[in-house]
>>> print(open('data-v3.txt').read())   # compact mmCIF, C-alpha atoms and all ligand atoms
# COMPACT_ATOMS: atom_id res chain seq x y z
CA MET A 570 9.05 8.79 39.74
CA ASN A 571 12.04 6.49 39.05
CA VAL A 572 12.48 4.45 35.87
CA LEU A 573 14.81 1.57 34.95
CA VAL A 574 16.00 1.05 31.36
CA ILE A 575 17.47 -2.37 30.52
CA GLY A 576 20.27 -2.47 27.93
CA SER A 577 23.50 -0.78 26.89
CA GLY A 578 23.17 0.33 23.27
CA GLY A 579 22.30 3.47 21.35
CA ARG A 580 18.61 2.62 21.58
CA GLU A 581 18.87 2.51 25.37
CA HIS A 582 20.72 5.85 25.49
CA ALA A 583 17.88 7.35 23.43
CA LEU A 584 15.27 5.75 25.73
CA ALA A 585 17.03 7.00 28.88
CA TRP A 586 17.47 10.51 27.39
CA VAL A 587 13.83 10.84 26.35
CA ILE A 588 12.60 9.50 29.71
CA ALA A 589 14.91 11.79 31.71
CA ARG A 590 13.37 14.75 29.87
CA ASP A 591 10.00 14.13 31.57
CA ASP A 592 9.36 16.48 34.49
CA SER A 593 7.64 13.67 36.39
CA VAL A 594 10.84 11.58 36.33
CA ASP A 595 13.32 11.99 39.19
CA ARG A 596 15.92 9.34 38.36
CA VAL A 597 16.65 6.97 35.46
CA PHE A 598 18.68 3.84 36.21
CA VAL A 599 20.28 2.10 33.23
CA ALA A 600 21.39 -1.52 33.51
CA PRO A 601 24.13 -1.77 32.43
CA GLY A 602 24.23 1.40 30.27
CA ASN A 603 27.23 2.99 28.52
CA ALA A 604 29.38 6.13 28.80
CA GLY A 605 26.58 8.21 27.25
CA THR A 606 24.00 7.19 29.84
CA ALA A 607 26.61 7.62 32.60
CA TYR A 608 26.85 11.34 31.78
CA GLU A 609 23.19 11.96 30.91
CA SER A 610 21.27 14.19 33.33
CA LYS A 611 19.23 12.29 36.01
CA CYS A 612 20.77 8.98 34.79
CA THR A 613 22.79 6.41 36.78
CA ASN A 614 24.36 3.25 35.37
CA VAL A 615 24.10 0.04 37.38
CA THR A 616 26.31 -2.91 36.46
CA ILE A 617 23.62 -5.54 36.14
CA PRO A 618 23.52 -7.82 33.08
CA VAL A 619 20.36 -7.60 30.92
CA THR A 620 19.21 -11.12 31.85
CA ASP A 621 19.96 -11.01 35.61
CA PHE A 622 16.29 -10.56 36.56
CA ASP A 623 16.79 -11.21 40.28
CA ALA A 624 19.37 -8.39 40.54
CA GLN A 625 17.13 -6.06 38.51
CA ILE A 626 14.15 -6.77 40.77
CA GLU A 627 16.29 -6.22 43.85
CA LEU A 628 17.39 -2.85 42.40
CA CYS A 629 13.77 -1.87 41.69
CA ARG A 630 12.83 -2.55 45.31
CA ARG A 631 15.88 -0.80 46.76
CA GLU A 632 15.58 2.32 44.60
CA GLN A 633 11.77 2.42 44.50
CA ILE A 634 11.62 2.12 40.73
CA ASP A 635 8.09 2.57 39.40
CA LEU A 636 8.55 1.38 35.83
CA THR A 637 11.02 -0.76 33.83
CA ILE A 638 11.44 -0.40 30.06
CA VAL A 639 13.35 -3.07 28.15
CA GLY A 640 15.61 -2.35 25.16
CA PRO A 641 17.05 -5.59 23.71
CA GLU A 642 15.37 -8.86 22.73
CA ASP A 643 17.36 -11.30 24.88
CA PRO A 644 15.68 -10.48 28.22
CA LEU A 645 12.27 -10.46 26.49
CA VAL A 646 12.72 -13.89 24.95
CA SER A 647 14.10 -15.10 28.33
CA GLY A 648 10.92 -14.01 30.17
CA ILE A 649 11.74 -10.72 31.94
CA ARG A 650 8.04 -9.82 31.95
CA GLU A 651 7.04 -12.97 33.86
CA HIS A 652 9.74 -12.33 36.48
CA PHE A 653 8.59 -8.74 37.01
CA ASP A 654 4.89 -9.73 37.05
CA THR A 655 5.60 -12.32 39.75
CA ALA A 656 7.46 -9.68 41.76
CA GLY A 657 4.51 -7.27 41.37
CA LEU A 658 6.62 -4.71 39.47
CA LYS A 659 5.58 -2.71 36.41
CA CYS A 660 7.52 -3.67 33.27
CA PHE A 661 6.64 -2.50 29.77
CA ALA A 662 7.56 -5.62 27.82
CA PRO A 663 5.87 -8.46 25.94
CA SER A 664 5.59 -11.86 27.62
CA ARG A 665 8.06 -14.60 26.71
CA GLU A 666 5.39 -16.25 24.59
CA ALA A 667 4.54 -13.01 22.73
CA ALA A 668 8.26 -12.32 22.17
CA GLN A 669 8.33 -15.39 19.93
CA LEU A 670 7.20 -13.03 17.16
CA GLU A 671 10.91 -12.15 17.09
CA GLY A 672 12.47 -15.13 18.87
CA SER A 673 11.18 -17.72 16.41
CA LYS A 674 10.91 -16.89 12.72
CA GLY A 675 8.89 -20.12 12.27
CA PHE A 676 6.37 -18.93 14.89
CA ALA A 677 6.11 -15.51 13.21
CA LYS A 678 5.59 -17.02 9.75
CA ALA A 679 2.92 -19.47 10.98
CA PHE A 680 1.20 -16.63 12.87
CA MET A 681 1.14 -14.37 9.79
CA HIS A 682 -0.14 -17.21 7.62
CA ARG A 683 -2.91 -18.00 10.13
CA HIS A 684 -4.05 -14.37 10.33
CA GLY A 685 -3.70 -13.43 6.67
CA ILE A 686 -0.87 -10.94 7.24
CA PRO A 687 1.10 -10.37 4.01
CA THR A 688 4.60 -11.89 4.04
CA ALA A 689 6.79 -13.88 1.63
CA ALA A 690 5.75 -17.51 0.95
CA HIS A 691 7.98 -19.84 2.95
CA LEU A 692 8.97 -23.30 4.13
CA THR A 693 10.08 -24.08 7.69
CA THR A 694 12.23 -27.20 7.91
CA SER A 695 14.97 -28.99 9.84
CA GLN A 696 15.67 -31.44 7.00
CA LEU A 697 18.44 -30.69 4.50
CA ASP A 698 16.93 -32.81 1.69
CA GLU A 699 13.62 -30.94 2.04
CA ALA A 700 15.49 -27.60 2.04
CA VAL A 701 17.46 -28.50 -1.11
CA ALA A 702 14.33 -29.70 -2.94
CA HIS A 703 12.53 -26.44 -2.04
CA ILE A 704 15.44 -24.25 -3.17
CA GLU A 705 15.75 -26.15 -6.47
CA ALA A 706 12.01 -26.00 -7.12
CA HIS A 707 11.76 -22.24 -6.39
CA GLY A 708 15.09 -21.01 -7.75
CA SER A 709 17.02 -17.90 -6.75
CA PRO A 710 17.19 -15.20 -5.53
CA ILE A 711 15.87 -16.84 -2.38
CA VAL A 712 16.28 -16.09 1.33
CA VAL A 713 17.52 -18.57 3.98
CA LYS A 714 17.03 -17.69 7.66
CA ALA A 715 18.03 -19.37 10.92
CA ASN A 716 14.85 -19.90 12.95
CA GLY A 717 16.20 -18.59 16.28
CA LEU A 718 18.03 -15.46 17.42
CA ALA A 719 21.37 -15.01 15.64
CA ALA A 720 22.28 -11.41 16.48
CA GLY A 721 21.06 -10.16 13.10
CA LYS A 722 23.45 -12.45 11.21
CA GLY A 723 21.14 -15.40 10.57
CA VAL A 724 19.79 -14.23 7.19
CA VAL A 725 21.32 -15.00 3.80
CA VAL A 726 19.82 -13.38 0.70
CA ALA A 727 21.16 -15.92 -1.82
CA GLN A 728 21.62 -14.88 -5.46
CA THR A 729 22.19 -18.46 -6.67
CA ASN A 730 20.78 -21.89 -5.76
CA SER A 731 24.21 -23.13 -4.69
CA GLU A 732 24.68 -20.15 -2.34
CA ALA A 733 21.27 -20.92 -0.78
CA ILE A 734 22.06 -24.63 -0.41
CA LYS A 735 25.42 -23.79 1.17
CA ALA A 736 23.73 -21.45 3.69
CA ALA A 737 21.05 -24.05 4.52
CA THR A 738 23.69 -26.78 4.97
CA LEU A 739 25.81 -24.61 7.26
CA MET A 740 22.85 -23.48 9.39
CA LEU A 741 21.31 -26.95 9.74
CA SER A 742 24.67 -28.49 10.74
CA GLY A 743 24.52 -26.39 13.93
CA ASP A 744 28.13 -25.26 13.38
CA GLN A 745 27.22 -21.68 12.51
CA PHE A 746 24.46 -20.64 14.92
CA GLY A 747 24.12 -23.67 17.22
CA ASP A 748 20.51 -24.60 18.00
CA ALA A 749 19.21 -21.29 16.52
CA GLY A 750 20.00 -22.72 13.05
CA ARG A 751 18.84 -26.33 13.47
CA GLU A 752 15.54 -25.26 12.00
CA ILE A 753 15.49 -22.82 9.08
CA VAL A 754 12.96 -20.73 7.19
CA ILE A 755 13.39 -20.49 3.43
CA GLU A 756 11.38 -17.69 1.85
CA ASP A 757 10.73 -16.01 -1.46
CA PHE A 758 12.77 -12.91 -2.23
CA LEU A 759 10.77 -9.68 -1.91
CA GLU A 760 11.59 -6.68 -4.07
CA GLY A 761 11.12 -3.08 -3.03
CA GLU A 762 12.17 -0.51 -0.46
CA GLU A 763 12.39 -1.42 3.22
CA ALA A 764 10.89 0.63 6.04
CA SER A 765 10.65 0.20 9.80
CA TYR A 766 7.27 0.75 11.40
CA ILE A 767 7.19 0.66 15.19
CA VAL A 768 4.15 0.91 17.43
CA MET A 769 3.44 0.48 21.12
CA SER A 770 0.50 -1.53 22.36
CA ASP A 771 -1.15 -2.47 25.64
CA GLY A 772 -2.39 -5.69 24.03
CA GLU A 773 -5.42 -4.02 22.51
CA SER A 774 -4.89 -0.34 21.64
CA ILE A 775 -2.12 0.83 19.34
CA LEU A 776 -0.07 4.04 19.20
CA PRO A 777 2.22 4.28 16.16
CA PHE A 778 5.62 5.94 16.27
CA ALA A 779 6.82 8.00 13.33
CA SER A 780 8.09 5.83 10.45
CA SER A 781 11.80 5.31 9.85
CA GLN A 782 14.31 3.61 7.59
CA ASP A 783 17.45 1.73 8.56
CA HIS A 784 20.64 1.05 6.55
CA LYS A 785 21.74 -2.50 7.34
CA PRO A 786 24.73 -3.20 5.04
CA VAL A 787 28.04 -1.95 6.39
CA PHE A 788 29.28 -0.08 3.28
CA ASP A 789 27.99 2.74 1.08
CA GLY A 790 25.59 1.74 -1.66
CA GLY A 791 24.23 -1.14 0.41
CA ARG A 792 27.35 -3.26 -0.05
CA GLY A 793 29.00 -5.65 2.40
CA PRO A 794 27.58 -7.78 5.19
CA ASN A 795 24.50 -6.81 7.18
CA THR A 796 25.00 -5.05 10.50
CA GLY A 797 22.59 -4.11 13.28
CA GLY A 798 22.13 -0.87 11.32
CA MET A 799 24.57 1.87 10.20
CA GLY A 800 22.15 4.78 10.30
CA ALA A 801 18.47 5.66 10.17
CA TYR A 802 16.19 8.56 9.51
CA SER A 803 12.63 9.48 10.37
CA PRO A 804 10.15 9.93 8.78
CA ALA A 805 10.61 7.52 5.85
CA PRO A 806 9.06 9.17 2.76
CA VAL A 807 8.22 5.72 1.31
CA VAL A 808 5.63 5.47 4.10
CA ASP A 809 3.20 8.05 2.73
CA GLU A 810 -0.40 8.33 3.96
CA ILE A 811 -1.68 5.55 1.68
CA VAL A 812 1.12 3.14 2.61
CA GLU A 813 0.75 3.96 6.30
CA ALA A 814 -2.98 3.18 6.18
CA LYS A 815 -2.13 -0.18 4.52
CA ILE A 816 0.50 -0.96 7.15
CA LEU A 817 -1.99 -0.30 9.95
CA ASP A 818 -4.89 -2.18 8.28
CA GLN A 819 -3.00 -5.14 6.85
CA VAL A 820 -0.17 -5.63 9.33
CA ILE A 821 -0.33 -3.83 12.67
CA ARG A 822 -4.01 -4.21 13.62
CA PRO A 823 -4.27 -7.86 12.46
CA THR A 824 -1.11 -8.63 14.44
CA ILE A 825 -2.28 -7.06 17.72
CA GLU A 826 -5.78 -8.54 17.25
CA GLY A 827 -4.39 -11.93 16.16
CA MET A 828 -2.09 -12.20 19.17
CA ALA A 829 -5.01 -11.32 21.48
CA ALA A 830 -7.27 -13.85 19.72
CA ASP A 831 -4.55 -16.51 20.11
CA GLY A 832 -4.49 -15.83 23.86
CA ILE A 833 -1.05 -14.16 23.88
CA PRO A 834 -1.77 -10.43 23.93
CA PHE A 835 1.21 -8.32 22.85
CA ARG A 836 2.07 -5.54 25.27
CA GLY A 837 5.24 -3.72 24.31
CA PHE A 838 7.01 -2.14 21.36
CA LEU A 839 6.18 -3.99 18.14
CA TYR A 840 8.57 -3.42 15.25
CA ALA A 841 7.49 -4.46 11.76
CA GLY A 842 10.31 -4.61 9.22
CA LEU A 843 8.47 -4.08 5.93
CA MET A 844 9.12 -4.32 2.21
CA ILE A 845 7.15 -1.78 0.18
CA SER A 846 6.92 -2.74 -3.50
CA LYS A 847 6.80 -0.34 -6.45
CA ASN A 848 3.00 -0.77 -6.47
CA ASN A 849 2.88 0.07 -2.76
CA ASP A 850 2.15 -3.52 -1.72
CA VAL A 851 3.27 -4.11 1.86
CA HIS A 852 4.91 -7.36 3.08
CA VAL A 853 6.39 -8.16 6.48
CA VAL A 854 10.10 -9.07 6.33
CA GLU A 855 10.40 -9.58 10.08
CA PHE A 856 8.87 -8.73 13.41
CA ASN A 857 10.87 -7.53 16.39
CA CYS A 858 9.36 -7.38 19.86
CA ARG A 859 11.33 -4.23 20.81
CA PHE A 860 12.30 -0.81 19.52
CA GLY A 861 14.76 -0.72 16.62
CA ASP A 862 18.39 0.31 16.96
CA PRO A 863 19.39 2.72 15.36
CA GLU A 864 15.76 3.65 14.50
CA ALA A 865 15.12 4.62 18.15
CA GLN A 866 17.69 7.41 17.97
CA PRO A 867 16.04 9.57 15.23
CA VAL A 868 12.46 8.48 16.10
CA LEU A 869 12.69 9.20 19.85
CA TYR A 870 14.56 12.42 19.09
CA ARG A 871 11.34 13.58 17.39
CA LEU A 872 8.97 12.39 20.14
CA ARG A 873 7.04 15.20 21.77
CA SER A 874 4.87 13.14 24.14
CA SER A 875 5.96 11.69 27.48
CA LEU A 876 7.21 8.14 26.86
CA THR A 877 6.99 7.42 30.58
CA SER A 878 3.27 8.29 30.70
CA LEU A 879 2.58 6.22 27.59
CA CYS A 880 4.44 3.15 28.91
CA LEU A 881 2.69 3.41 32.29
CA ALA A 882 -0.68 3.71 30.53
CA ALA A 883 0.15 0.65 28.43
CA VAL A 884 1.11 -1.40 31.49
CA ASP A 885 -2.26 -0.44 33.01
CA GLY A 886 -4.15 -1.30 29.79
CA GLN A 887 -5.15 2.36 29.29
CA LEU A 888 -3.24 3.25 26.13
CA GLY A 889 -6.51 3.91 24.25
CA GLU A 890 -6.97 7.11 26.25
CA HIS A 891 -3.70 8.59 24.97
CA ALA A 892 -2.36 10.18 21.79
CA ILE A 893 1.23 10.48 20.59
CA GLU A 894 2.90 13.50 19.03
CA PHE A 895 6.05 14.04 16.99
CA ASP A 896 8.17 16.99 16.01
CA ASP A 897 7.57 17.82 12.32
CA ARG A 898 11.29 18.04 11.64
CA ALA A 899 13.13 15.20 9.93
CA ALA A 900 15.84 13.50 12.01
CA VAL A 901 18.86 11.70 10.57
CA GLY A 902 21.12 9.42 12.63
CA VAL A 903 24.56 8.32 11.41
CA VAL A 904 26.35 5.46 13.20
CA VAL A 905 30.10 5.64 13.69
CA ALA A 906 31.39 2.08 14.06
CA SER A 907 34.65 0.31 14.89
CA GLY A 908 36.71 -0.69 11.82
CA GLY A 909 36.03 -4.35 11.00
CA TYR A 910 32.48 -4.41 12.43
CA PRO A 911 30.29 -6.51 11.96
CA GLU A 912 33.18 -8.98 11.95
CA GLN A 913 36.34 -8.72 14.13
CA TYR A 914 37.12 -5.30 15.56
CA GLU A 915 39.27 -3.80 18.29
CA THR A 916 37.97 -2.04 21.39
CA GLY A 917 39.59 0.24 23.97
CA HIS A 918 40.34 3.14 21.61
CA VAL A 919 39.99 6.62 23.09
CA ILE A 920 37.19 8.70 21.52
CA SER A 921 37.91 12.41 21.08
CA GLY A 922 35.83 15.30 19.78
CA LEU A 923 32.67 14.46 21.71
CA ASP A 924 32.80 17.99 23.14
CA GLN A 925 33.05 19.53 19.64
CA ILE A 926 29.62 18.40 18.43
CA PRO A 927 27.65 21.38 17.02
CA ALA A 928 24.83 22.74 19.17
CA GLY A 929 21.51 21.02 18.54
CA VAL A 930 23.16 17.81 17.32
CA LYS A 931 22.77 14.86 19.70
CA THR A 932 25.27 12.03 20.11
CA PHE A 933 23.74 8.81 21.38
CA HIS A 934 26.37 6.41 22.66
CA ALA A 935 26.33 2.65 22.01
CA GLY A 936 29.61 0.73 22.38
CA THR A 937 31.35 3.16 24.74
CA ARG A 938 32.71 2.91 28.29
CA ILE A 939 34.51 5.11 30.78
CA GLN A 940 38.02 3.93 31.60
CA ASP A 941 40.66 5.97 33.45
CA ASP A 942 38.48 9.09 33.10
CA GLU A 943 38.44 8.72 29.31
CA ILE A 944 35.65 7.63 26.99
CA GLN A 945 36.72 4.54 25.05
CA THR A 946 35.20 2.29 22.42
CA SER A 947 33.76 -0.96 23.75
CA GLY A 948 31.65 -2.32 20.89
CA GLY A 949 31.02 -2.51 17.15
CA ARG A 950 28.60 0.37 16.84
CA VAL A 951 30.15 3.17 18.89
CA VAL A 952 27.88 6.23 18.60
CA CYS A 953 24.92 7.43 16.55
CA VAL A 954 24.92 11.16 15.79
CA VAL A 955 21.48 12.70 15.19
CA GLY A 956 20.70 15.97 13.45
CA ALA A 957 17.19 17.37 12.95
CA ASP A 958 15.72 20.10 10.78
CA SER A 959 12.57 20.91 8.82
CA ASP A 960 14.77 20.43 5.73
CA PHE A 961 15.94 16.81 5.40
CA MET A 962 19.20 17.77 3.66
CA HIS A 963 20.07 20.18 6.44
CA ALA A 964 19.28 17.57 9.11
CA ARG A 965 21.64 15.23 7.29
CA ARG A 966 24.36 17.88 7.05
CA LEU A 967 24.08 18.55 10.79
CA ALA A 968 24.46 14.83 11.58
CA TYR A 969 27.56 14.58 9.37
CA GLN A 970 29.04 17.73 10.95
CA GLY A 971 28.76 15.91 14.27
CA VAL A 972 30.33 12.77 12.80
CA ASP A 973 33.24 14.83 11.44
CA ALA A 974 34.06 16.04 14.95
CA ILE A 975 34.41 12.50 16.35
CA ARG A 976 37.74 10.71 16.19
CA PHE A 977 38.89 7.25 17.23
CA LYS A 978 41.28 4.73 15.72
CA ASP A 979 39.89 2.79 12.72
CA GLN A 980 36.52 4.54 12.87
CA HIS A 981 34.13 3.75 10.02
CA PHE A 982 30.79 5.22 8.94
CA ARG A 983 28.60 5.23 5.86
CA THR A 984 28.66 8.50 3.94
CA ASP A 985 25.32 7.88 2.20
CA ILE A 986 22.75 7.68 5.00
CA GLY A 987 19.46 8.92 3.54
CA TYR A 988 20.48 8.33 -0.09
CA ARG A 989 16.99 7.08 -0.97
CA VAL A 990 15.45 10.35 0.20
CA ILE A 991 17.99 12.29 -1.88
CA GLU A 992 17.13 10.12 -4.91
CA ARG A 993 13.46 10.92 -4.36
CA PHE A 994 14.20 14.67 -4.34
CA ARG A 995 16.06 14.30 -7.63
CA ASN A 996 13.22 12.41 -9.34
P1 LIG B 1 15.69 -10.03 8.85
O1 LIG B 1 16.69 -10.31 9.94
O2 LIG B 1 14.65 -11.08 8.68
O3 LIG B 1 15.14 -8.63 8.94
O4 LIG B 1 16.54 -9.97 7.50
C1 LIG B 1 17.66 -9.12 7.37
C2 LIG B 1 17.61 -8.41 6.04
O5 LIG B 1 17.61 -9.36 4.99
C3 LIG B 1 16.36 -7.58 5.82
O6 LIG B 1 16.46 -6.31 6.37
C4 LIG B 1 16.27 -7.56 4.32
O7 LIG B 1 17.14 -6.58 3.79
C5 LIG B 1 16.79 -8.90 3.91
N1 LIG B 1 15.66 -9.83 3.73
C6 LIG B 1 15.13 -10.67 4.65
N2 LIG B 1 14.09 -11.37 4.13
C7 LIG B 1 13.97 -10.96 2.85
C8 LIG B 1 13.10 -11.32 1.76
N3 LIG B 1 12.16 -12.25 1.89
N4 LIG B 1 13.28 -10.70 0.58
C9 LIG B 1 14.24 -9.76 0.42
N5 LIG B 1 15.10 -9.39 1.38
C10 LIG B 1 14.97 -9.98 2.59
N1 LIG B 2 17.80 -1.81 13.10
C1 LIG B 2 17.27 -3.10 13.03
C2 LIG B 2 16.86 -3.67 14.31
O1 LIG B 2 16.79 -3.02 15.33
O2 LIG B 2 16.58 -4.86 14.31
>>> encode(input="data-v3.txt", output="structure tokens", more="lines below")
Ligand code: AMP
Ligand code: GLY
Amino acid sequence: MNVLVIGSGGREHALAWVIARDDSVDRVFVAPGNAGTAYESKCTNVTIPVTDFDAQIELCRREQIDLTIVGPEDPLVSGIREHFDTAGLKCFAPSREAAQLEGSKGFAKAFMHRHGIPTAAHLTTSQLDEAVAHIEAHGSPIVVKANGLAAGKGVVVAQTNSEAIKAATLMLSGDQFGDAGREIVIEDFLEGEEASYIVMSDGESILPFASSQDHKPVFDGGRGPNTGGMGAYSPAPVVDEIVEAKILDQVIRPTIEGMAADGIPFRGFLYAGLMISKNNDVHVVEFNCRFGDPEAQPVLYRLRSSLTSLCLAAVDGQLGEHAIEFDDRAAVGVVVASGGYPEQYETGHVISGLDQIPAGVKTFHAGTRIQDDEIQTSGGRVVCVVGADSDFMHARRLAYQGVDAIRFKDQHFRTDIGYRVIERFRN
């Protein structure tokens, strides 16, 4: 069997790696891929952009590709599923309409409200005077979000009213995020610890992946601007059995059932970004209609089941007949980024040390490319190094040993990935 993975990040390297591991898989095409997927066994990169559906379909026909799995949100929100359905090709992805759970924060908030799914109280508006009145009435801290996709940068957690009003003014003007910010969501600030909970669904049945936790701010201690994620580990101890049961009962099942009841069944990876309060109350911070990045790297590293079989079953509406299994070990992934990310950064720096990574530690590439027979940086997040062990601290040490081997100009990484788990051990 041949499989196509759409995307070029660390998540897509992890997807391609875990799919290539299946005995039933002959070849994995990655469009467009990165230097990591170029060198991965059974894998071939194809220079097709993630939203060039015609070229992807042509490739599927030419190479007899049996299944396509989509990494990033852009092709999902642009309707990749409809294109593949029309062409009669199997694609594990939500429809364009279902992808609005991520593509439109206003849609997601209205959906959660309608179906009684716990989330922060909010106002959706395109009017500045209404926004200002709401901010002044509620007070800070308060959260201002661009309605549309803004590459993870459209959220301001404002500590003061004036900071919130400034963010709302800038977003609504269209200068900052264009049309994605012409409507905004203002929501109450939620306190607690965040966790990522990802499941796959065929529109009806649900299979949960192991829990995980991301680290969004760029600097140690959670300081600095938010990034796509500087590291992640799985499982997340905050998601104990009681919390997991709540997540499934209060969030995941009502979402899959609600989407089906609304006539837009959700078939794909569903990612719930959650806030878990001190009392173990669960609230949805955001939905994504795809796997997380960098969560995919430690979570898929622990997957024991065949992802290909599960995705094929989901496409055929047969997921209910399957189970999913994970390695008991903890996995920790540390992202090494380009200096300056998530703002301005340079690319084209040669990466050395990739051949010095300790045995058993896996380097998933993200912003890398092959140029003149060398591996160079080509993006903000460059690699994510994953270590795994039955002892969390040892898994973490392994990941950092891998990070220490890697060298490129201006490299930057957080030194405190997993600090919340360490704090838990201490308490
Ligand atoms: P989002 O893109 O919606 O996930 O928001 C990015 C980050 O902003 C989240 O991971 C949270 O850390 C923070 N955030 C978003 N909404 C809230 C909220 N209502 N309360 C507290 N923090 C939030
Ligand atoms: N790591 C956060 C995300 O994938 O959206």
>>> residues_near_ligand(input="data-v3.txt", ligand="ligand LIG 1 (chain B)", cutoff="10 Å", atoms="all atoms listed in the file", output="PyMOL selection string")
chain A and resi 671+674+688-691+710-716+718-727+754-765+783-786+791+795-798+841-844+852-857
>>> residues_around(input="data-v3.txt", residues="Asp621 (chain A)", least_positions_apart="2", cutoff="12 Å", atoms="all atoms listed in the file", output="number ranges by chain")
A: 575-576, 600-601, 615-619, 623-628, 643-645, 647-649, 652-653
>>> closest_residue(input="data-v3.txt", among="A:Val807, A:Ala706, A:Leu697, A:Cys612", to="Ile734 (chain A)", atoms="only C-alpha atoms")
A:Leu697
>>> closest_residue(input="data-v3.txt", among="A:Ala964, A:Leu879, A:Ala865, A:Ile939", to="ligand LIG 2 (chain B)", atoms="only C-alpha atoms and all ligand atoms")
A:Ala865
>>> closest_residue(input="data-v3.txt", among="A:Leu670, A:Ala906, A:Ala900, A:Met681", to="Ile833 (chain A)", atoms="all atoms listed in the file")
A:Leu670
>>> atom_distance(input="data-v3.txt", atom1="CA of Tyr870 (chain A)", atom2="CA of Lys931 (chain A)")
8.6 Å
>>> closest_residue(input="data-v3.txt", among="A:Val904, A:Met828, A:Ala749, A:Leu876", to="Thr984 (chain A)", atoms="all atoms listed in the file")
A:Val904
>>> closest_residue(input="data-v3.txt", among="A:Val905, A:Ala583, A:Val574, A:Ile753", to="Phe933 (chain A)", atoms="all atoms listed in the file")
A:Ala583
>>> closest_residue(input="data-v3.txt", among="A:Ser593, A:Gln866, A:Gln819, A:Ser610", to="ligand LIG 2 (chain B)", atoms="only C-alpha atoms and all ligand atoms")
A:Gln866
>>> atom_distance(input="data-v3.txt", atom1="CA of Arg950 (chain A)", atom2="CA of Tyr988 (chain A)")
20.4 Å
>>> residues_near_point(input="data-v3.txt", point="(20.2, -25.2, 3.8)", cutoff="8 Å", atoms="all atoms listed in the file", output="list in words")
Leu697, Ala700, Val701, Val713, Ala733, Ile734, Lys735, Ala736, Ala737, Thr738, Leu739, Met740, Leu741 and Ile753 of chain A
>>> residues_near_point(input="data-v3.txt", point="(1.7, 4.0, 6.3)", cutoff="10 Å", atoms="only C-alpha atoms", output="PyMOL selection string")
chain A and resi 764+766+777+779-780+805-818+849+851
>>> atom_distance(input="data-v3.txt", atom1="CA of Val972 (chain A)", atom2="CA of Ser959 (chain A)")
19.9 Å
>>> residues_around(input="data-v3.txt", residues="Tyr914 (chain A)", least_positions_apart="6", cutoff="8 Å", atoms="all atoms listed in the file", output="list in words")
Ser907, Gly908 and Gly949 of chain A
>>> residues_around(input="data-v3.txt", residues="Ser774 (chain A)", least_positions_apart="3", cutoff="8 Å", atoms="all atoms listed in the file", output="PyMOL selection string")
chain A and resi 770-771+888-889
>>> write_last_selection(input="data-v3.txt", atoms="C-alpha atoms", output="mmCIF file, in the frame of the given file")
data_model
loop_
_atom_site.group_PDB
_atom_site.id
_atom_site.type_symbol
_atom_site.label_atom_id
_atom_site.label_comp_id
_atom_site.auth_asym_id
_atom_site.auth_seq_id
_atom_site.Cartn_x
_atom_site.Cartn_y
_atom_site.Cartn_z
ATOM 1 C CA SER A 770 0.500 -1.530 22.360
ATOM 2 C CA ASP A 771 -1.150 -2.470 25.640
ATOM 3 C CA LEU A 888 -3.240 3.250 26.130
ATOM 4 C CA GLY A 889 -6.510 3.910 24.250
#
